[in-house]
Amino acid sequence: MARMPVHPTPAAASDTYAGLRRDVTAWFDDAARDLPWRAADRTPWGVLVSEVMLQQTPVVRVEPRWRAWMERWPTPADLAAASTADVLRAWDRLGYPRRALRLQECARAVVERHGGVVPSSEAELLALPGVGTYTAAAVVAFAFGGRSVVVDTNVRRVLARTVAGTALPPPSPRAAELRLAASLVPDDATGAARWAAASMELGAVVCTARAPRCDVCPVRAACAWRLAGSPPDEHGARRRTQAWEGTDRQVRGRVMALLRGADGPVHQALVEEVWPDAAQRERCVASLVEDGLVEQDGEVYRLPA
DNA sequence: AAATCGGGGGC
DNA sequence: GCCCCAGATTT
């Protein structure tokens, strides 16, 4: 039961928040960023690719990679047929390269299960590699204009502030939070898709995590957090950033960067230079091989063919 | 529920 | 230096 769509509530008692939805969507109609995966000629596959790239990677870093990617592999069939080494190099430094691997697996699944056509049902999307609750709902809304409950970090923050009156949402969503999000979704598909885009956009552009721009916020007058005096985050103590220096993630990143930059196989002597601690380095290389991100062939390492 | 998984830019 | 970024998957 790890991956379940959030089902929209039928006819909700959401009239309470009708003003919120109206003001945010009206603002969005005027303020929406001109992002390439929102263009009129967008494809469902392009939307899906953007959503996977945007999992934990900011828009400004995704945009140029997405453009190059879609030009090179416009359809699921194109990506399915590509060399994995090329895919990992094109992923470049977007981070979490297992996402690139899953995206190619996703392309192959779309080809095999759906004849190369991205499915429009949330359940079928959810069954694809690398597609979780958020991404499935987002593709339903943004690629197909369907009704779904889209809850990402932006939406969570917007609802935490405007409705709950807190600076930030709790580290992980609770059932009540998801119920609230579901209750806010308009009944009609078009309205639902617009609300999804608008609420996310507000969090991304105005209702940001640090230094929110309340002065230009369309719902500042009704925002519970602001009306409460914009109190600081209550669970700040638990919010500890993941360490970076000296972690396996840093070591794995260095190994991947080395292999991405090489045209072909890399001798182990060069791999040994990226990290001095042999035990940690070997553990990380082994995990990369285990993940399918690296192949070992005797004394050389390379990206998968 | 908690841990793991990259990398960079704003402050 | 710290924090966050259109999360997913595994344990």
# chains A, B, ... in the order shown; residues from 1 in each chain; ligands from 1
call {"tool": "closest_atom_pairs", "arguments": {"of": "chain B", "to": "chain A", "cutoff": "7 Å", "atoms": "only C-alpha atoms (C1' of nucleotides)", "output": "Markdown table"}}
result
| residue | atom | partner | partner_atom | distance |
| --- | --- | --- | --- | --- |
| B:DC5 | C1' | A:Tyr96 | CA | 5.8 |
| B:DG6 | C1' | A:Gly95 | CA | 3.7 |
| B:DG7 | C1' | A:Gly95 | CA | 5.6 |
call {"tool": "residues_around", "arguments": {"residues": "segment 215-230 of chain A", "least_positions_apart": "5", "cutoff": "7 Å", "atoms": "only C-alpha atoms (C1' of nucleotides)", "output": "mmCIF file with all heavy atoms, in the first residue's frame"}}
result
data_model
loop_
_atom_site.group_PDB
_atom_site.id
_atom_site.type_symbol
_atom_site.label_atom_id
_atom_site.label_comp_id
_atom_site.auth_asym_id
_atom_site.auth_seq_id
_atom_site.Cartn_x
_atom_site.Cartn_y
_atom_site.Cartn_z
ATOM 1 N N LEU A 20 -10.417 31.340 -1.607
ATOM 2 C CA LEU A 20 -9.000 30.996 -1.759
ATOM 3 C C LEU A 20 -8.719 30.471 -3.160
ATOM 4 O O LEU A 20 -7.801 30.934 -3.848
ATOM 5 C CB LEU A 20 -8.615 29.941 -0.711
ATOM 6 C CG LEU A 20 -7.205 29.347 -0.798
ATOM 7 C CD1 LEU A 20 -6.160 30.395 -0.467
ATOM 8 C CD2 LEU A 20 -7.076 28.148 0.142
ATOM 9 N N ASP A 23 -9.162 33.291 -5.852
ATOM 10 C CA ASP A 23 -8.101 34.297 -5.880
ATOM 11 C C ASP A 23 -6.777 33.728 -6.389
ATOM 12 O O ASP A 23 -6.038 34.401 -7.114
ATOM 13 C CB ASP A 23 -7.917 34.899 -4.480
ATOM 14 C CG ASP A 23 -9.126 35.703 -4.034
ATOM 15 O OD1 ASP A 23 -9.933 36.085 -4.914
ATOM 16 O OD2 ASP A 23 -9.271 35.947 -2.820
ATOM 17 N N VAL A 24 -6.480 32.514 -5.997
ATOM 18 C CA VAL A 24 -5.203 31.920 -6.416
ATOM 19 C C VAL A 24 -5.233 31.594 -7.909
ATOM 20 O O VAL A 24 -4.263 31.854 -8.629
ATOM 21 C CB VAL A 24 -4.871 30.657 -5.588
ATOM 22 C CG1 VAL A 24 -3.634 29.957 -6.139
ATOM 23 C CG2 VAL A 24 -4.648 31.038 -4.123
ATOM 24 N N TRP A 27 -5.047 34.784 -9.931
ATOM 25 C CA TRP A 27 -3.663 35.278 -9.927
ATOM 26 C C TRP A 27 -2.819 34.484 -10.915
ATOM 27 O O TRP A 27 -2.016 35.033 -11.668
ATOM 28 C CB TRP A 27 -3.086 35.157 -8.511
ATOM 29 C CG TRP A 27 -1.599 35.263 -8.454
ATOM 30 C CD1 TRP A 27 -0.857 36.406 -8.412
ATOM 31 C CD2 TRP A 27 -0.659 34.183 -8.451
ATOM 32 N NE1 TRP A 27 0.478 36.103 -8.383
ATOM 33 C CE2 TRP A 27 0.631 34.750 -8.402
ATOM 34 C CE3 TRP A 27 -0.783 32.791 -8.481
ATOM 35 C CZ2 TRP A 27 1.796 33.983 -8.382
ATOM 36 C CZ3 TRP A 27 0.374 32.017 -8.463
ATOM 37 C CH2 TRP A 27 1.626 32.607 -8.416
ATOM 38 N N ARG A 161 0.148 27.493 5.471
ATOM 39 C CA ARG A 161 0.084 28.909 5.843
ATOM 40 C C ARG A 161 -1.339 29.459 5.758
ATOM 41 O O ARG A 161 -1.852 30.010 6.732
ATOM 42 C CB ARG A 161 1.029 29.711 4.940
ATOM 43 C CG ARG A 161 2.486 29.459 5.297
ATOM 44 C CD ARG A 161 3.450 30.258 4.443
ATOM 45 N NE ARG A 161 4.828 29.945 4.822
ATOM 46 C CZ ARG A 161 5.897 30.154 4.038
ATOM 47 N NH1 ARG A 161 5.739 30.665 2.838
ATOM 48 N NH2 ARG A 161 7.100 29.832 4.469
ATOM 49 N N THR A 162 -1.932 29.333 4.588
ATOM 50 C CA THR A 162 -3.235 29.991 4.401
ATOM 51 C C THR A 162 -4.323 29.374 5.270
ATOM 52 O O THR A 162 -5.172 30.092 5.787
ATOM 53 C CB THR A 162 -3.670 29.897 2.928
ATOM 54 O OG1 THR A 162 -3.736 28.528 2.541
ATOM 55 C CG2 THR A 162 -2.708 30.640 2.022
ATOM 56 N N VAL A 163 -4.296 28.068 5.442
ATOM 57 C CA VAL A 163 -5.374 27.397 6.164
ATOM 58 C C VAL A 163 -4.987 27.052 7.605
ATOM 59 O O VAL A 163 -5.696 27.402 8.547
ATOM 60 C CB VAL A 163 -5.808 26.112 5.427
ATOM 61 C CG1 VAL A 163 -6.882 25.379 6.218
ATOM 62 C CG2 VAL A 163 -6.311 26.456 4.029
ATOM 63 N N ALA A 164 -3.856 26.375 7.761
ATOM 64 C CA ALA A 164 -3.478 25.914 9.105
ATOM 65 C C ALA A 164 -2.843 27.031 9.935
ATOM 66 O O ALA A 164 -2.809 26.957 11.162
ATOM 67 C CB ALA A 164 -2.522 24.718 8.997
ATOM 68 N N GLY A 165 -2.282 28.016 9.291
ATOM 69 C CA GLY A 165 -1.701 29.131 10.025
ATOM 70 C C GLY A 165 -0.306 28.875 10.556
ATOM 71 O O GLY A 165 0.157 29.562 11.459
ATOM 72 N N THR A 166 0.371 27.881 9.993
ATOM 73 C CA THR A 166 1.741 27.587 10.438
ATOM 74 C C THR A 166 2.737 27.988 9.362
ATOM 75 O O THR A 166 2.400 28.069 8.182
ATOM 76 C CB THR A 166 1.912 26.088 10.743
ATOM 77 O OG1 THR A 166 1.660 25.335 9.544
ATOM 78 C CG2 THR A 166 0.943 25.645 11.829
ATOM 79 N N ALA A 167 3.967 28.206 9.780
ATOM 80 C CA ALA A 167 4.994 28.668 8.856
ATOM 81 C C ALA A 167 5.320 27.610 7.815
ATOM 82 O O ALA A 167 5.550 27.914 6.646
ATOM 83 C CB ALA A 167 6.262 29.051 9.615
ATOM 84 N N VAL A 206 5.627 32.846 -4.862
ATOM 85 C CA VAL A 206 5.262 33.865 -3.862
ATOM 86 C C VAL A 206 5.372 33.331 -2.438
ATOM 87 O O VAL A 206 6.065 33.895 -1.587
ATOM 88 C CB VAL A 206 3.828 34.376 -4.120
ATOM 89 C CG1 VAL A 206 3.382 35.301 -2.999
ATOM 90 C CG2 VAL A 206 3.755 35.084 -5.468
#
call {"tool": "residues_around", "arguments": {"residues": "segment 174-181 of chain A", "least_positions_apart": "4", "cutoff": "8 Å", "atoms": "only C-alpha atoms (C1' of nucleotides)", "output": "list in words"}}
result
Val6, Val149, Val151, Leu159 and Val185 of chain A
call {"tool": "closest_residue", "arguments": {"among": "A:Glu112, A:Ala279, A:Pro173, A:Gln242", "to": "DA3 of chain B", "atoms": "only C-alpha atoms (C1' of nucleotides)"}}
result
A:Gln242
call {"tool": "closest_atom_pairs", "arguments": {"of": "chain A", "to": "chain C", "cutoff": "7 Å", "atoms": "only C-alpha atoms (C1' of nucleotides)", "output": "JSON lines"}}
result
{"residue": "A:Glu51", "atom": "CA", "partner": "C:DA6", "partner_atom": "C1'", "distance": 6.5}
{"residue": "A:Leu54", "atom": "CA", "partner": "C:DA6", "partner_atom": "C1'", "distance": 5.5}
{"residue": "A:Gln55", "atom": "CA", "partner": "C:DG7", "partner_atom": "C1'", "distance": 5.0}
{"residue": "A:Gln56", "atom": "CA", "partner": "C:DC5", "partner_atom": "C1'", "distance": 5.1}
{"residue": "A:Thr57", "atom": "CA", "partner": "C:DC5", "partner_atom": "C1'", "distance": 5.3}
{"residue": "A:Pro58", "atom": "CA", "partner": "C:DC5", "partner_atom": "C1'", "distance": 5.0}
{"residue": "A:Gly130", "atom": "CA", "partner": "C:DA8", "partner_atom": "C1'", "distance": 6.2}
{"residue": "A:Gly132", "atom": "CA", "partner": "C:DA8", "partner_atom": "C1'", "distance": 6.0}
{"residue": "A:Asp152", "atom": "CA", "partner": "C:DA6", "partner_atom": "C1'", "distance": 6.2}
{"residue": "A:Thr241", "atom": "CA", "partner": "C:DC3", "partner_atom": "C1'", "distance": 6.9}
call {"tool": "write_last_selection", "arguments": {"atoms": "C-alpha atoms", "output": "short mmCIF file (atom, residue, chain, number, x, y, z; two decimals), in the first residue's frame"}}
result
data_model
loop_
_atom_site.label_atom_id
_atom_site.label_comp_id
_atom_site.auth_asym_id
_atom_site.auth_seq_id
_atom_site.Cartn_x
_atom_site.Cartn_y
_atom_site.Cartn_z
CA GLU A 51 7.90 15.92 -13.45
CA LEU A 54 11.67 18.16 -11.04
CA GLN A 55 11.63 15.61 -8.23
CA GLN A 56 13.89 17.45 -5.79
CA THR A 57 15.58 19.54 -8.46
CA PRO A 58 14.72 23.25 -8.93
CA GLY A 130 9.76 6.38 -10.90
CA GLY A 132 4.80 8.07 -7.24
CA ASP A 152 3.75 18.69 -3.61
CA THR A 241 19.49 19.12 6.84
#
call {"tool": "atom_distance", "arguments": {"atom1": "atom CA of Ala196 of chain A", "atom2": "atom CA of Val150 of chain A"}}
result
5.8 Å
call {"tool": "select_by_dssp", "arguments": {"residues": "segment 36-74 of chain A", "states": "alpha helix (DSSP H)", "output": "NGL selection string"}}
result
:A and (44-53 or 59-72)
call {"tool": "atom_distance", "arguments": {"atom1": "atom CA of His267 of chain A", "atom2": "atom CA of Ser83 of chain A"}}
result
20.9 Å
call {"tool": "atom_distance", "arguments": {"atom1": "atom CA of Ala278 of chain A", "atom2": "atom CA of Ala305 of chain A"}}
result
26.6 Å
